[in-house]
file query-v1.txt (compact mmCIF, C-alpha atoms)
# COMPACT_ATOMS: atom_id res chain seq x y z
CA GLY A 1 -62.24 9.39 -0.64
CA GLN A 2 -63.11 6.25 -2.54
CA ASN A 3 -66.45 5.03 -3.84
CA ILE A 4 -67.29 1.94 -5.84
CA ASP A 5 -70.69 1.29 -7.41
CA GLN A 6 -71.95 -1.91 -8.97
CA PRO A 7 -75.45 -3.34 -9.46
CA THR A 8 -76.83 -5.30 -6.54
CA GLU A 9 -78.22 -8.23 -8.49
CA MET A 10 -78.36 -9.59 -12.03
CA THR A 11 -80.01 -12.62 -13.58
CA ALA A 12 -78.91 -14.35 -16.77
CA THR A 13 -79.58 -17.58 -18.62
CA GLU A 14 -77.24 -20.53 -18.89
CA GLY A 15 -75.15 -20.30 -22.07
CA ALA A 16 -75.67 -16.55 -22.42
CA ILE A 17 -73.29 -13.60 -21.95
CA VAL A 18 -73.53 -11.17 -19.04
CA GLN A 19 -71.73 -7.89 -18.38
CA ILE A 20 -71.29 -6.63 -14.82
CA ASN A 21 -70.43 -2.94 -14.61
CA CYS A 22 -68.42 -1.12 -11.98
CA THR A 23 -67.81 2.59 -11.60
CA TYR A 24 -65.34 3.98 -9.14
CA GLN A 25 -63.92 7.17 -7.71
CA THR A 26 -60.52 7.20 -6.10
CA SER A 27 -57.92 9.77 -5.15
CA GLY A 28 -55.15 7.77 -6.81
CA PHE A 29 -55.60 4.71 -8.97
CA ASN A 30 -53.27 1.74 -8.77
CA GLY A 31 -55.24 -1.15 -10.24
CA LEU A 32 -58.69 -2.70 -10.41
CA PHE A 33 -59.53 -6.26 -9.45
CA TRP A 34 -62.51 -8.55 -9.91
CA TYR A 35 -63.12 -11.33 -7.40
CA GLN A 36 -65.70 -14.12 -7.39
CA GLN A 37 -67.34 -15.16 -4.13
CA HIS A 38 -69.67 -18.14 -3.83
CA ALA A 39 -72.09 -18.09 -0.93
CA GLY A 40 -70.37 -18.97 2.32
CA GLU A 41 -66.92 -19.04 0.73
CA ALA A 42 -63.94 -16.72 0.48
CA PRO A 43 -63.43 -14.36 -2.48
CA THR A 44 -61.14 -15.69 -5.20
CA PHE A 45 -59.19 -13.60 -7.69
CA LEU A 46 -60.52 -13.39 -11.26
CA SER A 47 -58.80 -10.53 -13.04
CA TYR A 48 -56.60 -7.45 -12.77
CA ASN A 49 -56.50 -4.29 -14.90
CA VAL A 50 -54.13 -1.40 -14.45
CA LEU A 51 -54.01 -0.07 -18.03
CA ASP A 52 -56.96 0.81 -20.27
CA GLY A 53 -58.32 -1.98 -22.38
CA LEU A 54 -59.57 -5.52 -22.30
CA GLU A 55 -57.96 -8.44 -20.49
CA GLU A 56 -59.23 -11.86 -21.56
CA LYS A 57 -58.91 -15.04 -19.57
CA GLY A 58 -60.93 -17.95 -20.87
CA ARG A 59 -64.67 -17.31 -20.47
CA PHE A 60 -64.00 -14.19 -18.40
CA SER A 61 -62.86 -10.79 -19.68
CA SER A 62 -62.39 -7.52 -17.83
CA PHE A 63 -62.29 -4.02 -19.28
CA LEU A 64 -60.97 -0.80 -17.82
CA SER A 65 -61.30 2.88 -18.73
CA ARG A 66 -59.33 4.96 -16.25
CA SER A 67 -60.53 8.29 -17.65
CA LYS A 68 -64.14 7.26 -17.09
CA GLY A 69 -63.57 5.46 -13.80
CA TYR A 70 -65.30 2.45 -15.32
CA SER A 71 -64.77 -1.27 -15.58
CA TYR A 72 -66.81 -4.25 -16.58
CA LEU A 73 -66.53 -8.00 -16.16
CA LEU A 74 -67.82 -10.04 -19.09
CA LEU A 75 -68.80 -13.65 -18.55
CA LYS A 76 -69.39 -15.77 -21.65
CA GLU A 77 -71.06 -19.18 -22.05
CA LEU A 78 -72.60 -18.90 -18.61
CA GLN A 79 -72.73 -22.00 -16.48
CA MET A 80 -74.82 -22.68 -13.39
CA LYS A 81 -71.65 -22.68 -11.30
CA ASP A 82 -71.12 -19.02 -12.23
CA SER A 83 -73.94 -18.11 -9.82
CA ALA A 84 -72.01 -16.10 -7.23
CA SER A 85 -71.23 -12.58 -6.09
CA TYR A 86 -68.74 -10.62 -8.17
CA LEU A 87 -66.73 -8.03 -6.28
CA CYS A 88 -65.11 -5.04 -7.93
CA ALA A 89 -62.11 -3.76 -5.96
CA VAL A 90 -59.84 -0.77 -6.47
CA ARG A 91 -56.34 -0.27 -5.13
CA ASN A 92 -55.21 3.29 -4.57
CA THR A 93 -51.82 4.88 -4.46
CA GLY A 94 -52.33 6.41 -1.06
CA GLY A 95 -51.21 3.58 1.16
CA PHE A 96 -52.00 1.03 -1.56
CA LYS A 97 -55.28 0.18 0.10
CA THR A 98 -57.64 -2.22 -1.72
CA ILE A 99 -61.28 -1.19 -1.32
CA PHE A 100 -64.15 -3.48 -2.31
CA GLY A 101 -67.55 -2.68 -3.73
CA ALA A 102 -70.63 -4.28 -2.23
CA GLY A 103 -70.67 -6.94 -4.94
CA THR A 104 -73.11 -8.00 -7.65
CA ARG A 105 -75.05 -11.19 -7.01
CA LEU A 106 -75.41 -13.08 -10.28
CA PHE A 107 -78.10 -15.71 -10.64
CA VAL A 108 -77.75 -18.08 -13.59
CA LYS A 109 -80.97 -19.84 -14.51
CA ALA A 110 -81.49 -22.86 -16.70
CA GLU B 1 -49.04 -25.24 -1.46
CA ALA B 2 -51.25 -24.48 1.52
CA GLY B 3 -53.55 -21.49 1.30
CA VAL B 4 -54.40 -18.95 3.97
CA VAL B 5 -55.55 -20.78 7.09
CA GLN B 6 -57.93 -19.26 9.60
CA SER B 7 -59.45 -20.49 12.83
CA PRO B 8 -61.97 -20.87 14.22
CA ARG B 9 -64.38 -21.18 11.29
CA TYR B 10 -67.36 -20.40 13.48
CA LYS B 11 -67.70 -18.71 16.86
CA ILE B 12 -70.81 -17.90 18.86
CA ILE B 13 -70.43 -15.73 21.94
CA GLU B 14 -72.54 -13.54 24.16
CA LYS B 15 -72.09 -9.79 24.02
CA LYS B 16 -69.36 -8.35 26.23
CA GLN B 17 -67.32 -11.55 25.92
CA PRO B 18 -63.87 -11.54 24.28
CA VAL B 19 -63.03 -13.40 21.07
CA ALA B 20 -59.86 -14.00 19.09
CA PHE B 21 -59.22 -15.08 15.51
CA TRP B 22 -56.03 -16.55 14.15
CA CYS B 23 -54.56 -16.43 10.66
CA ASN B 24 -51.62 -18.16 9.01
CA PRO B 25 -50.84 -16.57 5.62
CA ILE B 26 -49.35 -18.22 2.56
CA SER B 27 -45.65 -18.85 3.04
CA GLY B 28 -43.59 -15.98 1.67
CA HIS B 29 -46.43 -13.46 1.61
CA ASN B 30 -45.21 -10.44 3.52
CA THR B 31 -48.48 -8.50 3.39
CA LEU B 32 -51.38 -9.58 5.58
CA TYR B 33 -54.86 -8.09 5.78
CA TRP B 34 -57.84 -8.43 8.06
CA TYR B 35 -61.21 -7.64 6.49
CA ARG B 36 -64.71 -7.70 7.95
CA GLN B 37 -67.61 -8.70 5.72
CA ASN B 38 -71.22 -8.14 6.66
CA LEU B 39 -73.98 -10.05 4.91
CA GLY B 40 -74.59 -8.75 1.41
CA GLN B 41 -71.65 -6.36 1.56
CA GLY B 42 -68.11 -6.36 0.26
CA PRO B 43 -65.12 -6.88 2.56
CA GLU B 44 -64.14 -3.85 4.63
CA LEU B 45 -60.45 -3.41 5.47
CA LEU B 46 -59.66 -3.37 9.18
CA ILE B 47 -55.87 -3.52 9.19
CA ARG B 48 -52.96 -4.21 6.85
CA TYR B 49 -49.51 -5.45 7.83
CA GLU B 50 -46.25 -5.26 5.93
CA ASN B 51 -44.21 -7.93 7.67
CA GLU B 52 -44.75 -7.20 11.38
CA GLU B 53 -45.60 -3.51 10.94
CA ALA B 54 -49.22 -2.32 10.89
CA VAL B 55 -49.10 0.15 7.99
CA ASP B 56 -52.82 0.89 7.81
CA ASP B 57 -55.12 0.50 10.82
CA SER B 58 -57.27 3.55 10.19
CA GLN B 59 -60.48 1.48 9.99
CA LEU B 60 -59.80 -0.61 13.09
CA PRO B 61 -62.10 0.34 16.02
CA LYS B 62 -59.27 0.66 18.48
CA ASP B 63 -61.44 0.91 21.57
CA ARG B 64 -62.33 -2.77 21.34
CA PHE B 65 -60.31 -4.30 18.49
CA SER B 66 -56.63 -5.16 18.56
CA ALA B 67 -54.35 -7.09 16.25
CA GLU B 68 -50.82 -8.33 16.21
CA ARG B 69 -48.50 -10.07 13.81
CA LEU B 70 -45.59 -11.42 15.76
CA LYS B 71 -42.47 -12.31 13.76
CA GLY B 72 -44.18 -11.16 10.59
CA VAL B 73 -45.99 -14.44 9.95
CA ASP B 74 -49.13 -15.47 11.89
CA SER B 75 -51.60 -12.87 13.03
CA THR B 76 -54.36 -12.63 15.63
CA LEU B 77 -57.34 -10.30 15.71
CA LYS B 78 -59.04 -9.76 19.05
CA ILE B 79 -62.32 -8.16 20.03
CA GLN B 80 -62.90 -7.27 23.67
CA PRO B 81 -65.66 -6.78 24.59
CA ALA B 82 -67.77 -7.95 21.64
CA GLU B 83 -70.95 -6.10 20.71
CA LEU B 84 -74.00 -7.28 18.77
CA GLY B 85 -72.89 -5.24 15.73
CA ASP B 86 -69.64 -7.18 15.52
CA SER B 87 -71.45 -10.20 14.08
CA ALA B 88 -69.81 -10.70 10.68
CA VAL B 89 -67.32 -12.82 8.80
CA TYR B 90 -63.71 -11.90 9.54
CA LEU B 91 -61.53 -12.59 6.52
CA CYS B 92 -57.76 -12.82 6.55
CA ALA B 93 -55.89 -12.35 3.28
CA SER B 94 -52.26 -12.27 2.22
CA SER B 95 -50.35 -11.11 -0.84
CA LEU B 96 -46.91 -10.75 -2.27
CA ALA B 97 -45.42 -7.29 -2.57
CA PHE B 98 -47.24 -6.03 -5.64
CA ALA B 99 -44.23 -4.30 -7.09
CA ALA B 100 -43.33 -7.68 -8.53
CA ASN B 101 -46.79 -8.84 -9.58
CA THR B 102 -50.44 -7.83 -9.52
CA GLY B 103 -50.62 -8.08 -5.76
CA GLU B 104 -53.93 -9.92 -5.77
CA LEU B 105 -55.26 -11.02 -2.43
CA PHE B 106 -55.51 -14.65 -1.37
CA PHE B 107 -58.26 -15.07 1.19
CA GLY B 108 -58.78 -17.60 3.93
CA GLU B 109 -62.19 -19.20 4.41
CA GLY B 110 -63.05 -16.71 7.13
CA SER B 111 -64.21 -16.81 10.72
CA ARG B 112 -67.94 -16.32 11.12
CA LEU B 113 -68.74 -14.54 14.38
CA THR B 114 -72.20 -14.46 15.92
CA VAL B 115 -72.70 -12.24 18.97
CA LEU B 116 -75.86 -12.96 20.96

call {"tool": "encode", "arguments": {"input": "query-v1.txt", "output": "structure tokens"}}
result
Amino acid sequence: GQNIDQPTEMTATEGAIVQINCTYQTSGFNGLFWYQQHAGEAPTFLSYNVLDGLEEKGRFSSFLSRSKGYSYLLLKELQMKDSASYLCAVRNTGGFKTIFGAGTRLFVKA
Amino acid sequence: EAGVVQSPRYKIIEKKQPVAFWCNPISGHNTLYWYRQNLGQGPELLIRYENEEAVDDSQLPKDRFSAERLKGVDSTLKIQPAELGDSAVYLCASSLAFAANTGELFFGEGSRLTVL
């Protein structure tokens, strides 16, 4: 089966750096995604990792360790608009199904 | 380019009534998904289509839920009869075949269902 764990909530200060962790278990790994979802809106794609290492895209970076079943999303220079839920999602090789974690609600305070 | 379009945005019905949701994916996206999202949870896959074929419907409660994707483009998701526990946001998403790219999902704004 598949299981994805991420913290329920996090709070950080504007201008700071925050790291959101995700651990997963899957029968066959075929990529890990991070999505951002503002309250009442649809999820939007942030990043994709399929090989070990760090992918950087502007203020956002995502890291993957396949051997540890671990990923993190790093947000730098936090802005108030970054307050949202961040969803970790894993795609497996069995049917190429994308399964989502419950999401981490990030609150950015002034 | 237009994104994924869903309707209706909001629907309030009484239990035991039927309801239907419609989705128009991004042009050229052959894969279409229906997800259900409960408050404070991540999206849960209900069904995935490759063109007009349902390739994964293992999570679809088939006693009351049905879906179709005629001609491999638009899709409808139906619930009949609705139960109180069906209250949720129903998200439609589409993607390109991921053999050629990351295969990330593009979501519509969702249809929020309230069953009274």

call {"tool": "residues_around", "arguments": {"input": "query-v1.txt", "residues": "Ser62 in chain A", "least_positions_apart": "5", "cutoff": "6 Å", "atoms": "only C-alpha atoms", "output": "PyMOL selection string"}}
result
chain A and resi 54-55+72-73

call {"tool": "atom_distance", "arguments": {"input": "query-v1.txt", "atom1": "CA of Ser65 in chain A", "atom2": "CA of Gly40 in chain B"}}
result
26.8 Å

call {"tool": "interface_residues", "arguments": {"input": "query-v1.txt", "of": "chain A", "to": "chain B", "cutoff": "7 Å", "atoms": "all atoms listed in the file", "output": "ChimeraX atom specification"}}
result
/A:41-45,48,87,100-103

call {"tool": "residues_near_point", "arguments": {"input": "query-v1.txt", "point": "(-69.8, -2.2, -18.2)", "cutoff": "9 Å", "atoms": "all atoms listed in the file", "output": "JSON, numbers by chain"}}
result
{"A": [19, 20, 21, 22, 23, 63, 64, 70, 71, 72, 73, 74]}

call {"tool": "residues_around", "arguments": {"input": "query-v1.txt", "residues": "Gly28 in chain A", "least_positions_apart": "3", "cutoff": "9 Å", "atoms": "all atoms listed in the file", "output": "PyMOL selection string"}}
result
chain A and resi 25+91-94

call {"tool": "atom_distance", "arguments": {"input": "query-v1.txt", "atom1": "CA of Ser58 in chain B", "atom2": "CA of Gln6 in chain B"}}
result
22.8 Å

call {"tool": "residues_around", "arguments": {"input": "query-v1.txt", "residues": "Pro25 in chain B", "least_positions_apart": "2", "cutoff": "8 Å", "atoms": "all atoms listed in the file", "output": "PyMOL selection string"}}
result
chain B and resi 3-5+23+27+29+32+73-74+92-94

call {"tool": "write_last_selection", "arguments": {"input": "query-v1.txt", "atoms": "C-alpha atoms", "output": "mmCIF file, in the coordinates of the input"}}
result
data_model
loop_
_atom_site.group_PDB
_atom_site.id
_atom_site.type_symbol
_atom_site.label_atom_id
_atom_site.label_comp_id
_atom_site.auth_asym_id
_atom_site.auth_seq_id
_atom_site.Cartn_x
_atom_site.Cartn_y
_atom_site.Cartn_z
ATOM 1 C CA GLY B 3 -53.550 -21.490 1.300
ATOM 2 C CA VAL B 4 -54.400 -18.950 3.970
ATOM 3 C CA VAL B 5 -55.550 -20.780 7.090
ATOM 4 C CA CYS B 23 -54.560 -16.430 10.660
ATOM 5 C CA SER B 27 -45.650 -18.850 3.040
ATOM 6 C CA HIS B 29 -46.430 -13.460 1.610
ATOM 7 C CA LEU B 32 -51.380 -9.580 5.580
ATOM 8 C CA VAL B 73 -45.990 -14.440 9.950
ATOM 9 C CA ASP B 74 -49.130 -15.470 11.890
ATOM 10 C CA CYS B 92 -57.760 -12.820 6.550
ATOM 11 C CA ALA B 93 -55.890 -12.350 3.280
ATOM 12 C CA SER B 94 -52.260 -12.270 2.220
#

call {"tool": "atom_distance", "arguments": {"input": "query-v1.txt", "atom1": "CA of Val108 in chain A", "atom2": "CA of Thr13 in chain A"}}
result
5.4 Å

call {"tool": "closest_residue", "arguments": {"input": "query-v1.txt", "among": "A:Arg66, A:Ser61, A:Ala12, A:Phe33", "to": "Gln79 in chain A", "atoms": "all atoms listed in the file"}}
result
A:Ala12

call {"tool": "closest_residue", "arguments": {"input": "query-v1.txt", "among": "A:Ile4, A:Leu78, A:Ile99, A:Val90", "to": "Ser47 in chain A", "atoms": "all atoms listed in the file"}}
result
A:Val90

call {"tool": "residues_around", "arguments": {"input": "query-v1.txt", "residues": "range 63-70 of chain B", "least_positions_apart": "6", "cutoff": "7 Å", "atoms": "all atoms listed in the file", "output": "PyMOL selection string"}}
result
chain B and resi 52+76-81
